[in-house]
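Report on one structure; see the data block that follows.
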Amino acid sequence: MTHLVLVGMMGVGKSTVGRLVAAELDRPLFDSDEMIEQRTGRTVREIWSTDGEETFRMLETDTLLEALAEPEASVIAAAGGVVLSDRNREALSSADAHVVWLLADVDVLLERVRHGMHRPLLDDDPEGTLRRMYVERAPLYQEVADAVVSVDHRSPGDVAKAVLRCCA
Ligand code: S3P
């Protein structure tokens with residue numbers, strides 16, 4: 001019973017690749033942003049603007065811990081910010097889980113995040129924010145990762161294959 005957890009920056013493709021990997025392994029997929037939206041009946045953006053980031057981060061922790069506690073081996077697409085909390089990083093490191101860091105060049109991320117509506121942190125100066133975030137978070141993703149898979153110049157299907165090769 002080993003979960004497969006995808007971590008990485010916003011826009012790297014955790015949800016898309018997570019869906020493909022979960023289908024291939026015939027496992028349930030837990031996508032933390034989706035779980036939060038289903039549970040609260042509100043969008044990430046609504047929670048963020050009404051209750052603030054702190055409340056959102058608490059919900060993020062709840063969903064991560066819940067997914068990791070599932071008895072059935074699953075695929076978990078963890079939201080980009082999960083590594084910010086010590087508690088989440090400890091949970092990722094101590095869980096029975098393979099953690100894969102999906103890594104992309106910031107220019108690639110910038111192109112991809114144009115389409116998402118659930119990323120209020122990128123409303124102003126997405127490029128500067130993503131670059132600062134990358135510097136802040138790269139060591140945190142590194143800390144929890146058992147493997148690193150580059151997504152640059154790869155289709156989601158190829159990324160999924162690479163994830164399966166290293167972890168399934
Ligand atoms: C965030 C990432 C987003 C979403 C929220 C905050 C972050 O999820 O949870 O906008 O701090 O990196 P994705 O990583 O799925 O884009």
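Scheme for the structure tokens: letters A, B, ... for chains in order shown; per-chain residue numbers from 1; ligand numbers from 1 in order shown.
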Report task. Excluding Val44 of chain A and any residue of its chain fewer than 4 positions from it, enumerate the residues within 9 Å of it, using only C-alpha atoms, and give them as a ChimeraX atom specification. Result -> /A:33-34,36-37,48-49,56,117-120
**Request:** Step by step, measure atom-to-atom distances between ligand 1 and each residue using only C-alpha atoms and all ligand atoms, keep those at most 9 Å, then write them as JSON, numbers by chain.
**Result:** {"A": [7, 8, 9, 10, 11, 12, 13, 14, 15, 31, 32, 33, 34, 44, 45, 48, 53, 56, 57, 60, 77, 78, 79, 80, 81, 82, 83, 84, 113, 116, 117, 118, 119, 120, 121, 122, 133]}
Point to revise | DSSP alpha helix (DSSP H) selection over chain A, as a VMD selection string | key: chain A and resid 14 to 25 32 to 40 44 to 51 53 to 68 86 to 94 106 to 113 126 to 144 156 to 167
Fewer than 3 positions away in the same chain doesn't count, so skip those; otherwise give me all residues within 12 Å of Ser94 of chain A, counting only C-alpha atoms, as a ChimeraX atom specification.
/A:2-3,65,68-69,87-91,97-99,144-146
How about saving the chosen residues, N, CA, C and O atoms kept, as a compact mmCIF listing (two decimals), in the first residue's frame?
# COMPACT_ATOMS: atom_id res chain seq x y z
N THR A 2 1.30 1.67 -1.15
CA THR A 2 2.14 2.87 -1.21
C THR A 2 1.46 3.89 -2.10
O THR A 2 1.25 3.63 -3.29
N HIS A 3 1.14 5.05 -1.54
CA HIS A 3 0.54 6.11 -2.36
C HIS A 3 1.60 6.68 -3.30
O HIS A 3 2.79 6.63 -3.01
N LEU A 65 -3.71 15.28 4.52
CA LEU A 65 -3.59 14.26 5.57
C LEU A 65 -4.65 13.18 5.38
O LEU A 65 -4.40 11.99 5.58
N LEU A 68 -3.60 10.93 2.49
CA LEU A 68 -2.48 10.06 2.88
C LEU A 68 -2.93 8.95 3.83
O LEU A 68 -2.31 7.90 3.91
N ALA A 69 -4.01 9.22 4.56
CA ALA A 69 -4.50 8.23 5.54
C ALA A 69 -5.41 7.18 4.91
O ALA A 69 -5.81 6.22 5.58
N ARG A 87 4.30 20.74 8.80
CA ARG A 87 3.47 19.58 9.11
C ARG A 87 3.20 18.74 7.85
O ARG A 87 3.26 17.51 7.89
N ASN A 88 2.91 19.43 6.75
CA ASN A 88 2.66 18.69 5.51
C ASN A 88 3.92 17.97 5.02
O ASN A 88 3.86 16.84 4.56
N ARG A 89 5.05 18.66 5.14
CA ARG A 89 6.29 18.03 4.67
C ARG A 89 6.63 16.81 5.53
O ARG A 89 7.04 15.78 5.03
N GLU A 90 6.40 16.93 6.84
CA GLU A 90 6.65 15.78 7.72
C GLU A 90 5.71 14.62 7.34
O GLU A 90 6.12 13.47 7.30
N ALA A 91 4.44 14.97 7.08
CA ALA A 91 3.47 13.93 6.71
C ALA A 91 3.89 13.24 5.41
O ALA A 91 3.83 12.02 5.29
N ALA A 97 4.54 6.45 1.01
CA ALA A 97 4.23 7.14 -0.26
C ALA A 97 5.51 7.38 -1.05
O ALA A 97 6.56 7.64 -0.47
N HIS A 98 5.38 7.27 -2.36
CA HIS A 98 6.44 7.74 -3.25
C HIS A 98 6.07 9.15 -3.65
O HIS A 98 4.98 9.37 -4.20
N VAL A 99 6.96 10.08 -3.40
CA VAL A 99 6.66 11.47 -3.75
C VAL A 99 7.49 11.85 -4.97
O VAL A 99 8.72 11.73 -4.96
N VAL A 144 11.09 16.78 0.10
CA VAL A 144 10.11 15.69 0.23
C VAL A 144 10.17 14.67 -0.91
O VAL A 144 9.58 13.60 -0.80
N ALA A 145 10.91 15.02 -1.98
CA ALA A 145 10.82 14.18 -3.18
C ALA A 145 11.67 12.92 -3.09
O ALA A 145 12.81 12.96 -2.66
N ASP A 146 11.08 11.80 -3.54
CA ASP A 146 11.85 10.57 -3.71
C ASP A 146 12.40 10.52 -5.13
O ASP A 146 13.36 9.82 -5.41
From atom CA of Val149 of chain A to atom CA of Leu110 of chain A the spacing works out at 18.4 Å
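The smallest atom-to-atom distance between Glu24 of chain A and any of A:Leu109, A:Val75, A:Leu102, A:Gly128, using only C-alpha atoms, is found for A:Val75.
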Counting only C-alpha atoms, closest pick from A:Val135, A:Ile76, A:Met58, A:Phe30 relative to Leu6 of chain A is A:Ile76
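Take atom CA of Val106 of chain A and atom CA of Asp152 of chain A: the distance between them is 9.9 Å.
When atom CA of Met35 of chain A is paired with atom CA of Thr63 of chain A, their separation reads 6.8 Å.
Across A:Ala73, A:Ala138, A:Ala95, A:Cys166, the tightest approach to Met1 of chain A is made by A:Ala73 when counting only C-alpha atoms.
Among the candidate residues A:Asp62, A:Leu29, A:Leu20, A:Arg39, the one lying nearest to Ser74 of chain A is A:Leu29, with distances computed using only C-alpha atoms.
Comparing the minimum interatomic distances between Val21 of chain A and each of A:Pro126, A:Val100, A:Arg137, A:Thr40, counting only C-alpha atoms, we find that A:Val100 sits nearest.
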